[in-house]
>>> print(open('entry39.txt').read())   # compact mmCIF, C-alpha atoms
# COMPACT_ATOMS: atom_id res chain seq x y z
CA ALA A 158 0.00 0.00 0.00
CA VAL A 159 1.16 3.53 -0.79
CA VAL A 160 0.11 6.60 1.17
CA ARG A 161 0.87 10.04 -0.28
CA TRP A 162 0.43 12.96 2.11
CA PHE A 163 0.61 16.66 1.26
CA SER A 164 0.67 19.09 4.18
CA PRO A 165 0.80 22.90 3.75
CA THR A 166 -0.32 23.94 7.26
CA CYS A 167 1.20 21.55 9.79
CA LEU A 168 3.54 18.57 9.74
CA PRO A 169 1.61 15.34 9.10
CA GLY A 170 0.23 13.90 12.32
CA ILE A 171 1.93 10.56 11.79
CA LEU A 172 5.31 12.34 11.86
CA GLN A 173 4.68 14.49 14.94
CA THR A 174 6.18 14.15 18.40
CA ALA A 175 3.69 13.88 21.25
CA ASP A 176 4.36 17.45 22.43
CA TYR A 177 4.03 18.90 18.93
CA ALA A 178 0.85 16.89 18.30
CA ARG A 179 -0.75 17.91 21.60
CA LEU A 180 -0.28 21.60 20.81
CA ALA A 181 -1.27 21.23 17.15
CA ILE A 182 -4.50 19.45 18.08
CA ALA A 183 -5.41 22.23 20.49
CA LEU A 184 -4.82 24.89 17.82
CA SER A 185 -6.98 23.02 15.33
CA ASP A 186 -9.84 22.67 17.84
CA PRO A 187 -10.62 26.22 19.07
CA ASP A 188 -14.21 25.26 19.96
CA GLY A 189 -13.22 22.24 22.04
CA LEU A 190 -15.25 19.78 19.98
CA LEU A 191 -12.62 17.04 19.82
CA ASP A 192 -11.67 14.40 22.31
CA ARG A 193 -8.11 15.71 22.32
CA GLN A 194 -6.59 12.85 24.27
CA ALA A 195 -8.14 10.31 21.93
CA SER A 196 -6.85 12.26 18.93
CA LEU A 197 -3.37 12.34 20.43
CA SER A 198 -3.41 8.62 21.20
CA SER A 199 -4.56 7.87 17.64
CA ARG A 200 -1.72 9.89 16.13
CA MET A 201 0.91 8.23 18.28
CA ALA A 202 -0.45 4.74 17.59
CA GLY A 203 -0.49 5.43 13.85
CA GLN A 204 3.27 5.88 13.83
CA GLY A 205 3.67 2.13 14.14
CA LEU A 206 2.45 1.83 10.54
CA LEU A 207 5.62 3.57 9.38
CA ARG A 208 7.63 0.49 10.34
CA GLU A 209 5.39 -2.15 8.81
CA PRO A 210 6.96 -4.02 5.86
CA GLY A 211 5.14 -3.67 2.55
CA ARG A 212 4.05 -0.10 3.13
CA ARG A 213 5.34 3.05 1.46
CA PHE A 214 4.74 6.55 2.76
CA GLU A 215 5.49 9.65 0.68
CA PHE A 216 5.27 13.08 2.27
CA VAL A 217 5.48 16.54 0.75
CA VAL A 218 5.68 19.33 3.33
CA VAL A 219 6.12 23.03 2.61
CA GLU A 220 9.46 24.51 3.59
CA ARG A 221 8.14 26.93 6.21
CA LEU A 222 7.02 24.00 8.37
CA LEU A 223 10.68 23.26 9.07
CA ARG A 224 10.78 26.59 10.95
CA TRP A 225 7.27 26.75 12.41
CA ALA A 226 6.01 25.09 15.59
CA PRO A 227 2.75 25.34 17.55
CA ASN A 228 4.68 26.72 20.54
CA SER A 229 8.22 27.36 21.73
CA GLY A 230 10.46 24.50 22.77
CA VAL A 231 9.00 21.79 20.54
CA LEU A 232 10.63 22.48 17.17
CA ALA A 233 14.10 21.06 17.87
CA PRO A 234 12.90 17.61 19.05
CA GLN A 235 10.33 17.60 16.25
CA LEU A 236 13.00 18.16 13.61
CA ALA A 237 15.19 15.50 15.19
CA GLN A 238 12.32 12.99 15.00
CA LEU A 239 11.55 14.05 11.43
CA GLU A 240 15.16 13.42 10.43
CA ALA A 241 15.19 9.99 12.12
CA THR A 242 11.86 8.96 10.58
CA ALA A 243 13.03 9.98 7.12
CA GLN A 244 15.74 7.29 7.39
CA LEU A 245 13.14 4.49 7.48
CA ASP A 246 12.95 2.37 4.34
CA THR A 247 9.20 2.92 4.17
CA VAL A 248 9.36 6.72 4.39
CA HIS A 249 10.13 9.15 1.57
CA LEU A 250 10.12 12.83 2.52
CA ALA A 251 10.22 15.81 0.16
CA VAL A 252 10.14 19.55 0.88
CA LEU A 253 8.32 22.05 -1.35
CA PRO A 254 10.60 25.11 -1.53
CA GLU A 255 9.34 28.55 -0.59
CA TYR A 256 10.22 29.84 -4.05
CA TYR A 257 7.92 27.29 -5.71
CA VAL A 258 5.41 28.86 -8.10
CA GLY A 259 2.74 26.49 -9.32
CA ASP A 260 -0.27 24.68 -7.91
CA MET A 261 -1.64 26.30 -4.77
CA PRO A 262 -3.70 23.69 -2.87
CA MET A 263 -5.19 25.41 0.17
CA HIS A 264 -5.65 22.27 2.27
CA ASN A 265 -3.83 19.06 3.02
CA PHE A 266 -4.79 15.75 1.46
CA LEU A 267 -3.92 12.10 1.88
CA LEU A 268 -4.00 9.83 -1.17
CA ARG A 269 -4.24 6.10 -0.45
CA GLU A 270 -3.33 3.55 -3.12
CA PRO A 271 -4.17 0.04 -1.79
CA ALA A 272 -1.73 -2.77 -2.57
CA ASP A 273 -4.54 -5.07 -3.76
CA GLY A 274 -5.43 -2.69 -6.58
CA SER A 275 -8.80 -1.78 -5.14
CA GLY A 276 -10.09 1.74 -5.51
CA ALA A 277 -7.84 4.57 -4.38
CA SER A 278 -9.26 7.23 -2.08
CA VAL A 279 -8.41 10.70 -0.83
CA SER A 280 -8.93 12.09 2.66
CA VAL A 281 -9.10 15.85 3.13
CA GLU A 282 -9.09 17.51 6.55
CA LEU A 283 -11.39 20.53 6.58
CA GLN A 284 -12.30 22.84 9.43
CA HIS A 285 -15.60 21.05 10.10
CA GLY A 286 -14.14 17.54 9.80
CA GLU A 287 -12.68 15.03 7.38
CA ALA A 288 -14.02 14.56 3.86
CA LYS A 289 -13.39 11.39 1.86
CA VAL A 290 -13.17 11.26 -1.93
CA THR A 291 -13.66 7.93 -3.73
CA GLU A 292 -15.06 8.89 -7.15
CA ALA A 293 -12.42 7.89 -9.72
CA GLU A 294 -12.33 11.16 -11.68
CA SER A 295 -11.95 13.22 -8.52
CA VAL A 296 -9.23 10.92 -7.17
CA ALA A 297 -7.42 11.33 -10.49
CA ILE A 298 -7.34 15.12 -9.96
CA TYR A 299 -5.49 14.62 -6.68
CA ARG A 300 -3.17 12.04 -8.22
CA ARG A 301 -2.11 14.47 -10.96
CA LEU A 302 -1.72 17.24 -8.39
CA TRP A 303 0.48 14.98 -6.28
CA GLN A 304 2.70 14.17 -9.25
CA ARG A 305 3.29 17.89 -9.90
CA LEU A 306 4.00 18.66 -6.24
CA TRP A 307 6.37 15.69 -5.86
CA ALA A 308 8.25 16.68 -9.02
CA ALA A 309 8.70 20.23 -7.71
CA ALA A 310 9.74 19.23 -4.18
CA ALA A 311 13.31 18.73 -3.01
CA THR A 312 14.42 15.28 -1.96
CA GLY A 313 17.73 13.81 -0.82
CA GLU A 314 19.99 13.88 2.19
CA ASP A 315 22.31 16.80 1.36
CA ILE A 316 21.66 20.07 3.18
CA PHE A 317 23.42 23.28 2.23
CA THR A 318 23.21 26.45 4.30
CA VAL A 319 23.99 30.12 3.79
CA SER A 320 24.19 33.03 6.21
CA GLY A 321 22.44 32.44 9.56
CA ALA A 322 20.87 29.16 8.41
CA HIS A 323 24.00 27.37 9.66
CA ARG A 324 23.36 28.38 13.27
CA PHE A 325 19.63 27.67 12.88
CA MET A 326 20.21 24.09 11.72
CA ILE A 327 22.99 23.26 14.18
CA ASP A 328 20.97 24.60 17.11
CA ARG A 329 18.19 22.20 16.12
CA GLY A 330 20.39 19.13 15.86
CA ILE A 331 20.59 19.03 12.07
CA VAL A 332 24.09 18.98 10.58
CA PRO A 333 24.39 20.52 7.09
CA THR A 334 26.48 18.89 4.39
CA ALA A 335 28.16 22.20 3.63
CA HIS A 336 27.96 25.91 4.41
CA ILE A 337 28.54 28.48 1.65
CA ASP A 338 29.49 32.15 2.10
CA CYS A 339 30.86 34.94 -0.07
CA ASP A 340 30.14 37.97 2.11
CA PRO A 341 33.31 39.89 3.10
CA ARG A 342 31.82 41.61 6.15
CA PRO A 343 33.54 40.53 9.42
CA HIS A 344 30.31 39.90 11.34
CA LYS A 345 29.52 36.92 9.09
CA ALA A 346 32.04 34.84 11.02
CA GLU A 347 29.98 35.25 14.19
CA GLN A 348 26.67 34.78 12.42
CA ILE A 349 27.29 31.08 11.77
CA GLY A 350 27.50 30.30 15.49
CA GLN A 351 29.62 27.31 16.52
CA PRO A 352 31.40 25.50 13.65
CA HIS A 353 30.78 21.76 13.33
CA ALA A 354 33.44 19.16 12.53
CA ASP A 355 31.20 17.34 10.02
CA VAL A 356 30.36 20.43 7.95
CA ALA A 357 32.38 21.42 4.87
CA TYR A 358 32.82 25.19 4.63
CA TRP A 359 32.93 26.50 1.06
CA LEU A 360 34.03 30.12 1.29
CA ALA A 361 34.81 32.77 -1.31
CA SER A 362 38.35 34.11 -1.15
CA CYS A 363 36.98 37.58 -0.43
CA ILE A 364 35.71 36.65 3.05
CA SER A 365 37.08 38.27 6.17
CA PRO A 366 40.29 36.73 7.61
CA SER A 367 38.45 36.40 10.91
CA TYR A 368 36.21 33.82 9.23
CA LEU A 369 39.22 31.62 8.45
CA ASP A 370 40.55 32.10 11.96
CA LYS A 371 37.28 30.85 13.40
CA LEU A 372 37.29 27.78 11.14
CA GLU A 373 40.87 26.74 11.82
CA GLY A 374 41.03 22.95 11.96
CA HIS A 375 37.72 22.51 10.08
CA GLN A 376 37.03 21.46 6.50
CA VAL A 377 37.51 24.66 4.49
CA ALA A 378 37.62 25.07 0.70
CA LEU A 379 38.18 28.46 -0.93
CA TRP A 380 36.76 29.53 -4.28
CA HIS A 381 37.04 32.74 -6.28
CA SER A 382 33.96 34.83 -6.92
CA TYR A 383 33.74 36.36 -10.39
CA ASN A 384 31.63 39.52 -10.46
CA GLY A 385 32.19 41.13 -13.82
CA LYS A 386 34.48 44.12 -14.36
CA GLU A 387 35.36 44.50 -10.67
CA SER A 388 36.63 40.93 -10.55
CA ARG A 389 38.78 41.39 -13.66
CA ILE A 390 40.41 44.44 -12.04
CA ALA A 391 41.07 42.50 -8.83
CA PHE A 392 42.60 39.55 -10.68
CA SER A 393 44.92 41.90 -12.62
CA LEU A 394 46.43 43.38 -9.46
>>> encode(input="entry39.txt", output="structure tokens")
Amino acid sequence: AVVRWFSPTCLPGILQTADYARLAIALSDPDGLLDRQASLSSRMAGQGLLREPGRRFEFVVVERLLRWAPNSGVLAPQLAQLEATAQLDTVHLAVLPEYYVGDMPMHNFLLREPADGSGASVSVELQHGEAKVTEAESVAIYRRLWQRLWAAAATGEDIFTVSGAHRFMIDRGIVPTAHIDCDPRPHKAEQIGQPHADVAYWLASCISPSYLDKLEGHQVALWHSYNGKESRIAFSL
């Protein structure tokens, strides 16, 4: 069985930590109509499906959800769990970049494709409750939408940071593959926070010497930035 889950508003419930889920459920239930404890228990129990052989889960989440949390103090452990879950053989995670311009679905949806070939279905969570779509032509609309979103989303294990994103990721327990910088201003050396031994630092030769001092003993590669006429003058000196 294959489950394809698009989420533009909140990380999918099956990927949430208990603390994140508890807060997210409360935000989604302003009128107090849900049995919140039952909803929480259901989400936590559902995570066992991620480890069942023969299943495949595909998730597309929008990039901003990697920075948003329902309250302070829950994002770092949530990202750590997300990273660990993404390593499972049954899980395939993709991130829709902020710069993406294309389809604009305003709600999440979950497309189920049963292994036995029986009819696929789509579940949509709306404010008043869940709606289920089974009519073949309507399901096909969601299937085509999923294909476009998946094709536009970023997948893979490599993470590259620029500017203050290095500190942001390290502080949340996520180690980038490499950090890239070409800004010559001295404060950029402090902006990255604490260097990490497993990060490769790809720096333009125009960066401040204090940057290199801070990264002494780390993996550093220098490259030359070409910026038109000004660069030609610099190279001729």
>>> closest_residue(input="entry39.txt", among="A:Ala226, A:Ile171, A:Leu236, A:Ile349", to="A:Lys371", atoms="only C-alpha atoms")
A:Ile349
>>> residues_around(input="entry39.txt", residues="A:Thr242", least_positions_apart="5", cutoff="12 Å", atoms="all atoms listed in the file", output="list of chain:residue names")
A:Ile171, A:Leu172, A:Gln173, A:Thr174, A:Gln204, A:Gly205, A:Leu206, A:Leu207, A:Arg208, A:Phe214, A:Glu215, A:Phe216, A:Gln235, A:Leu236, A:Ala237, A:Thr247, A:Val248, A:His249, A:Leu250
>>> atom_distance(input="entry39.txt", atom1="atom CA of A:Ser280", atom2="atom CA of A:Leu190")
20.0 Å
>>> atom_distance(input="entry39.txt", atom1="atom CA of A:Ala158", atom2="atom CA of A:Ala310")
22.0 Å
>>> closest_atom_pairs(input="entry39.txt", of="stretch 261-351 of chain A", to="stretch 375-381 of chain A", cutoff="10 Å", atoms="all atoms listed in the file", output="JSON lines")
{"residue": "A:Ala335", "atom": "CA", "partner": "A:Gln376", "partner_atom": "CA", "distance": 9.4}
{"residue": "A:His336", "atom": "CA", "partner": "A:Val377", "partner_atom": "CA", "distance": 9.6}
{"residue": "A:Ile337", "atom": "CA", "partner": "A:Ala378", "partner_atom": "CA", "distance": 9.7}
{"residue": "A:Asp338", "atom": "CA", "partner": "A:Leu379", "partner_atom": "CA", "distance": 9.9}
{"residue": "A:Cys339", "atom": "CA", "partner": "A:His381", "partner_atom": "CA", "distance": 9.0}
>>> residues_around(input="entry39.txt", residues="A:His353", least_positions_apart="3", cutoff="8 Å", atoms="all atoms listed in the file", output="PyMOL selection string")
chain A and resi 327+332+356+375
>>> closest_residue(input="entry39.txt", among="A:Arg221, A:Arg305, A:Arg213, A:Arg269", to="A:Thr291", atoms="only C-alpha atoms")
A:Arg269
>>> residues_near_point(input="entry39.txt", point="(33.2, 34.6, -1.5)", cutoff="6 Å", atoms="all atoms listed in the file", output="PDB file with C-alpha atoms, in the coordinates of the input")
ATOM      1  CA  ASP A 338      29.490  32.150   2.100  1.00  0.00           C
ATOM      2  CA  CYS A 339      30.860  34.940  -0.070  1.00  0.00           C
ATOM      3  CA  ASP A 340      30.140  37.970   2.110  1.00  0.00           C
ATOM      4  CA  LEU A 360      34.030  30.120   1.290  1.00  0.00           C
ATOM      5  CA  ALA A 361      34.810  32.770  -1.310  1.00  0.00           C
ATOM      6  CA  SER A 362      38.350  34.110  -1.150  1.00  0.00           C
ATOM      7  CA  CYS A 363      36.980  37.580  -0.430  1.00  0.00           C
ATOM      8  CA  ILE A 364      35.710  36.650   3.050  1.00  0.00           C
ATOM      9  CA  SER A 382      33.960  34.830  -6.920  1.00  0.00           C
TER      10      SER A 382
END
>>> closest_residue(input="entry39.txt", among="A:Asp370, A:Asp186, A:Asp328, A:Asp176", to="A:Ala346", atoms="all atoms listed in the file")
A:Asp370
>>> atom_distance(input="entry39.txt", atom1="atom CA of A:Glu282", atom2="atom CA of A:Gly313")
28.1 Å
>>> residues_near_point(input="entry39.txt", point="(7.1, 22.3, 8.4)", cutoff="10 Å", atoms="only C-alpha atoms", output="PDB file with C-alpha atoms, in the frame of the given file")
ATOM      1  CA  SER A 164       0.670  19.090   4.180  1.00  0.00           C
ATOM      2  CA  PRO A 165       0.800  22.900   3.750  1.00  0.00           C
ATOM      3  CA  THR A 166      -0.320  23.940   7.260  1.00  0.00           C
ATOM      4  CA  CYS A 167       1.200  21.550   9.790  1.00  0.00           C
ATOM      5  CA  LEU A 168       3.540  18.570   9.740  1.00  0.00           C
ATOM      6  CA  PRO A 169       1.610  15.340   9.100  1.00  0.00           C
ATOM      7  CA  VAL A 217       5.480  16.540   0.750  1.00  0.00           C
ATOM      8  CA  VAL A 218       5.680  19.330   3.330  1.00  0.00           C
ATOM      9  CA  VAL A 219       6.120  23.030   2.610  1.00  0.00           C
ATOM     10  CA  GLU A 220       9.460  24.510   3.590  1.00  0.00           C
ATOM     11  CA  ARG A 221       8.140  26.930   6.210  1.00  0.00           C
ATOM     12  CA  LEU A 222       7.020  24.000   8.370  1.00  0.00           C
ATOM     13  CA  LEU A 223      10.680  23.260   9.070  1.00  0.00           C
ATOM     14  CA  ARG A 224      10.780  26.590  10.950  1.00  0.00           C
ATOM     15  CA  TRP A 225       7.270  26.750  12.410  1.00  0.00           C
ATOM     16  CA  ALA A 226       6.010  25.090  15.590  1.00  0.00           C
ATOM     17  CA  LEU A 232      10.630  22.480  17.170  1.00  0.00           C
ATOM     18  CA  GLN A 235      10.330  17.600  16.250  1.00  0.00           C
ATOM     19  CA  LEU A 236      13.000  18.160  13.610  1.00  0.00           C
ATOM     20  CA  LEU A 239      11.550  14.050  11.430  1.00  0.00           C
ATOM     21  CA  VAL A 252      10.140  19.550   0.880  1.00  0.00           C
ATOM     22  CA  LEU A 253       8.320  22.050  -1.350  1.00  0.00           C
TER      23      LEU A 253
END
>>> closest_residue(input="entry39.txt", among="A:Ile298, A:Val281, A:Val290, A:Val159", to="A:Pro210", atoms="all atoms listed in the file")
A:Val159
>>> closest_residue(input="entry39.txt", among="A:Gln348, A:Gln238, A:Ser185, A:Thr334", to="A:Ser320", atoms="only C-alpha atoms")
A:Gln348
>>> closest_residue(input="entry39.txt", among="A:Asp355, A:Asp273, A:Asp260, A:Asp192", to="A:Leu302", atoms="only C-alpha atoms")
A:Asp260
